[in-house]
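Data first, discussion second: the structure below is written as structure tokens.
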Amino acid sequence: IMNKIICLAKHSKINSEKSILFFSFLQRLLINLGVSIIGPIIPLIAVDLKVGLDYIGSTISIGAFVLLVTAISVGFLLDMFGFKKIIFGGAILFSLGCLGLFFSYSYSMFTIAYSVLQLGVGTITIATLSLVGNHYFKNKSKSILTSNIGLTLGALIAPLLVSLIVLINIKWQILFTYLVILQVFLMLILIFLKMPKKENTGKNFKSLFNINKNVISHPYIILCGVITFLYVSTMQTFYTWFTSYFSALDIKLGISSLFLAIYVTANLVGMFAKNYMVKYIEEKKLLLISISLSFVFLLSAFFTPNLLAKIILIFLFGINIAGNFSLTFSIGLNIGSQFTNIVSSLLHAFSYLGVILFQYLSCLLYTSDAADELDGVDLGGRRI
């Protein structure tokens with residue numbers, strides 16, 4: 001009888017572990033789908049709200065600043081209140097942001113809604129990644145990469161949905177109502193999901209800061225932070241302004257969205273490839289190779305005038321840049337599993353700081369002539 005009880009307990013633990021990873025995968029897919037929709041439809045939003053791309057760029061920078069504030073605080077909040085409460089709170093904010101975007105028919109409403117959306121996204125992103133890193137510490141690299149495949153799938157589905165709404169000529173705001181429905185479904189799953197508890201939970205902010213202050217100044221973590229600063233800012237800015245870049249080359253939004261889907265497909269291929277290779281290649285070596293190749297392919301893509309060659313180089317760039325944050329986070333966790341939450345927060349903070357700076361620079365590049373470019377963009381039959 002005792003053996004049966006032990007077997008049942010082990011089976012229950014395995015099911016719980018699978019459920020946590022699967023939930024994190026789905027939740028990360030959904031939030032990245034929500035935020036990734038914005039990038040491809042920037043030309044549509046600019047026209048509907050009667051503002052220039054510089055205004056939309058400013059809103060995206062504000063959203064990145066919200067993410068930075070979230071990253072600084074969520075790690076401590078996780079230690080104080082636990083995973084489930086923080087993820088649930090993030091889900092509520094994400095839902096409110098989606099509802100706000102559905103009713104966004106003015107620039108101010110769009111900015112507020114997008115900021116609330118990013119507040120939810122930042123909270124869930126850090127909490128779910130910390131959950132996976134903490135719960136699967138012995139097999140952290142593979143589990144983190146698996147979880148982040150959900151993010152990549154969300155980014156892949158987004159441009160396909162944009163191509164669809166352009167094709168059938170419906171309002172972009174409609175997409176966000178479906179996201180709310182899906183988020184409510186995941187919130188119901190979260191209620192019944194068993195979450196691991198940490199020893200630090202319930203401690204006050206001051207005691208947690210004293211525990212984690214050495215991590216904040218750790219040279220190893222600062223190096224990982226610099227890597228994520230450059231990696232995430234490049235990848236996120238590239239994705240956000242992808243369709244706007246091709247619009248300047250007189251490529252229709254429907255077509256450039258398909259190009260974006262090809263790029264994200266490359267990200268997905270890269271994630272699966274690294275999920276396999278990490279079993280045979282040391283994390284540091286794999287990360288160094290990926291960073292070097294992604295830099296070469298991106299630089300080549302920008303200086304190549306031939307469109308086909310440009311798409312091929314972007315595809316190769318997408319394969320190599322995918323999964324680098326997951327590898328860096330996994331490397332950063334080598335300082336100890338007890339610091340999972342603060343490491344997650346710090347690396348995300350570095351990432352969002354990079355996004356703020358890179359988005360601002362991208363905004364400056366478009367400010368001078370973006371509005372003129374948009375006057376002639378053909379949105380698959382919708383001339384603007």
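Ordering of the structure tokens sets the chain letters (A, B, ...), residue numbers begin anew at 1 in every chain, and ligands are numbered from 1 in the order given.
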
Original post:
What lies within 6 Å of Leu347 of chain A using only C-alpha atoms, ignoring chain neighbours under 3 positions off, as a list of chain:residue names?
Top reply: A:Gly225, A:Ser344, A:Phe350

**OP:** Compile the contact shell of Leu175 of chain A as a VMD selection string: residues with an atom at most 12 Å away, counting only C-alpha atoms, same-chain residues fewer than 6 positions apart removed.
**Re:** chain A and resid 33 to 38 41 98 to 99 101 to 103 157 to 162 164 to 165 181 to 182

Original post:
Hey, what's within 9 Å of Phe259 of chain A if we count only C-alpha atoms and toss same-chain stuff fewer than 5 positions away? As number ranges by chain, please?
Top reply: A: 159, 242-243, 254, 264, 311

Keeping only N, CA and C atoms, write the selected residues as a JSON list (two decimals), in the first residue's frame.
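Result saved to again_3.json:
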```
[["chain", "number", "residue", "atom", "x", "y", "z"],
["A", 159, "PRO", "N", 1.44, 38.28, -37.15],
["A", 159, "PRO", "CA", 1.42, 38.83, -38.51],
["A", 159, "PRO", "C", 0.46, 38.10, -39.45],
["A", 242, "PHE", "N", 9.26, 46.28, -38.42],
["A", 242, "PHE", "CA", 9.49, 45.45, -39.61],
["A", 242, "PHE", "C", 8.61, 45.88, -40.78],
["A", 243, "THR", "N", 7.29, 45.94, -40.56],
["A", 243, "THR", "CA", 6.37, 46.29, -41.67],
["A", 243, "THR", "C", 6.53, 47.74, -42.09],
["A", 254, "GLY", "N", 0.03, 43.75, -46.35],
["A", 254, "GLY", "CA", -0.30, 42.32, -46.37],
["A", 254, "GLY", "C", 0.89, 41.46, -46.72],
["A", 264, "VAL", "N", 9.55, 35.20, -38.19],
["A", 264, "VAL", "CA", 9.22, 34.59, -36.91],
["A", 264, "VAL", "C", 9.26, 33.06, -37.01],
["A", 311, "ILE", "N", 15.46, 38.81, -47.75],
["A", 311, "ILE", "CA", 14.56, 37.91, -47.02],
["A", 311, "ILE", "C", 15.31, 36.68, -46.52]]
```

**OP:** Go ahead and compute the interatomic distance for atom CA of Phe297 of chain A and atom CA of Ser256 of chain A, in Å to one decimal.
**Re:** 19.1 Å

Subject >> DSSP-assigned alpha helix (DSSP H) among segment 155-333 of chain A, expressed as a PyMOL selection string >> reply: chain A and resi 155-168+175-191+205-216+219-240+242-248+253-277+283-303+307-321+324-332

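Residues in contact range of Gly270 of chain A, defined as at most 10 Å between only C-alpha atoms, with sequence neighbours fewer than 4 positions away removed, read Ile149, Thr152, Val264, Thr265, Ala266, Lys274, Asn275, Tyr276, Ser290, Phe315, Leu316, Phe317, Gly318, Ile319, Asn320, Ile321, Ala322, Gly323 and Asn324 of chain A.
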
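With only C-alpha atoms as the atoms that count, the minimum distance from Leu29 of chain A to the choices A:Leu307, A:Ala349, A:Ile124, A:Leu260 is reached by A:Ile124.
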
Original post:
Quick one: residues within 8 Å of Thr228 of chain A, only C-alpha atoms counted, chain neighbours fewer than 2 positions away excluded, as a list in words?
Top reply: Cys224, Gly225, Val226, Leu230, Tyr231, Val232, Ser233, Phe325, Thr328, Leu347, His348, Phe350 and Ser351 of chain A

**OP:** For Ile342 of chain A, work out the shell of residues within 8 Å, counting only C-alpha atoms and skipping chain neighbours fewer than 4 positions away, then give it as a PyMOL selection string.
**Re:** chain A and resi 75-76+212+215+346

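Each of A:Asn169, A:Ser115, A:Thr234, A:Ile42 was compared to Asp54 of chain A using only C-alpha atoms, and A:Ile42 turns out to be the nearest.
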
Subject >> d(atom CA of Ser24 of chain A, atom CA of Ile331 of chain A) in Å >> reply: 20.2 Å

**OP:** Please provide the set of residues having any atom within 9 Å of Leu93 of chain A, restricted to only C-alpha atoms, with same-chain residues fewer than 2 positions apart removed, written as a PyMOL selection string.
**Re:** chain A and resi 88-91+95-98+116-121+123

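Separating atom CA of Asn134 of chain A from atom CA of Ile216 of chain A is a distance of 18.2 Å.
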
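Between Met277 of chain A and the residues A:Ser106, A:Ser141, A:Ser345, A:Gln27, the shortest atom-to-atom distance, using only C-alpha atoms, involves A:Ser141.
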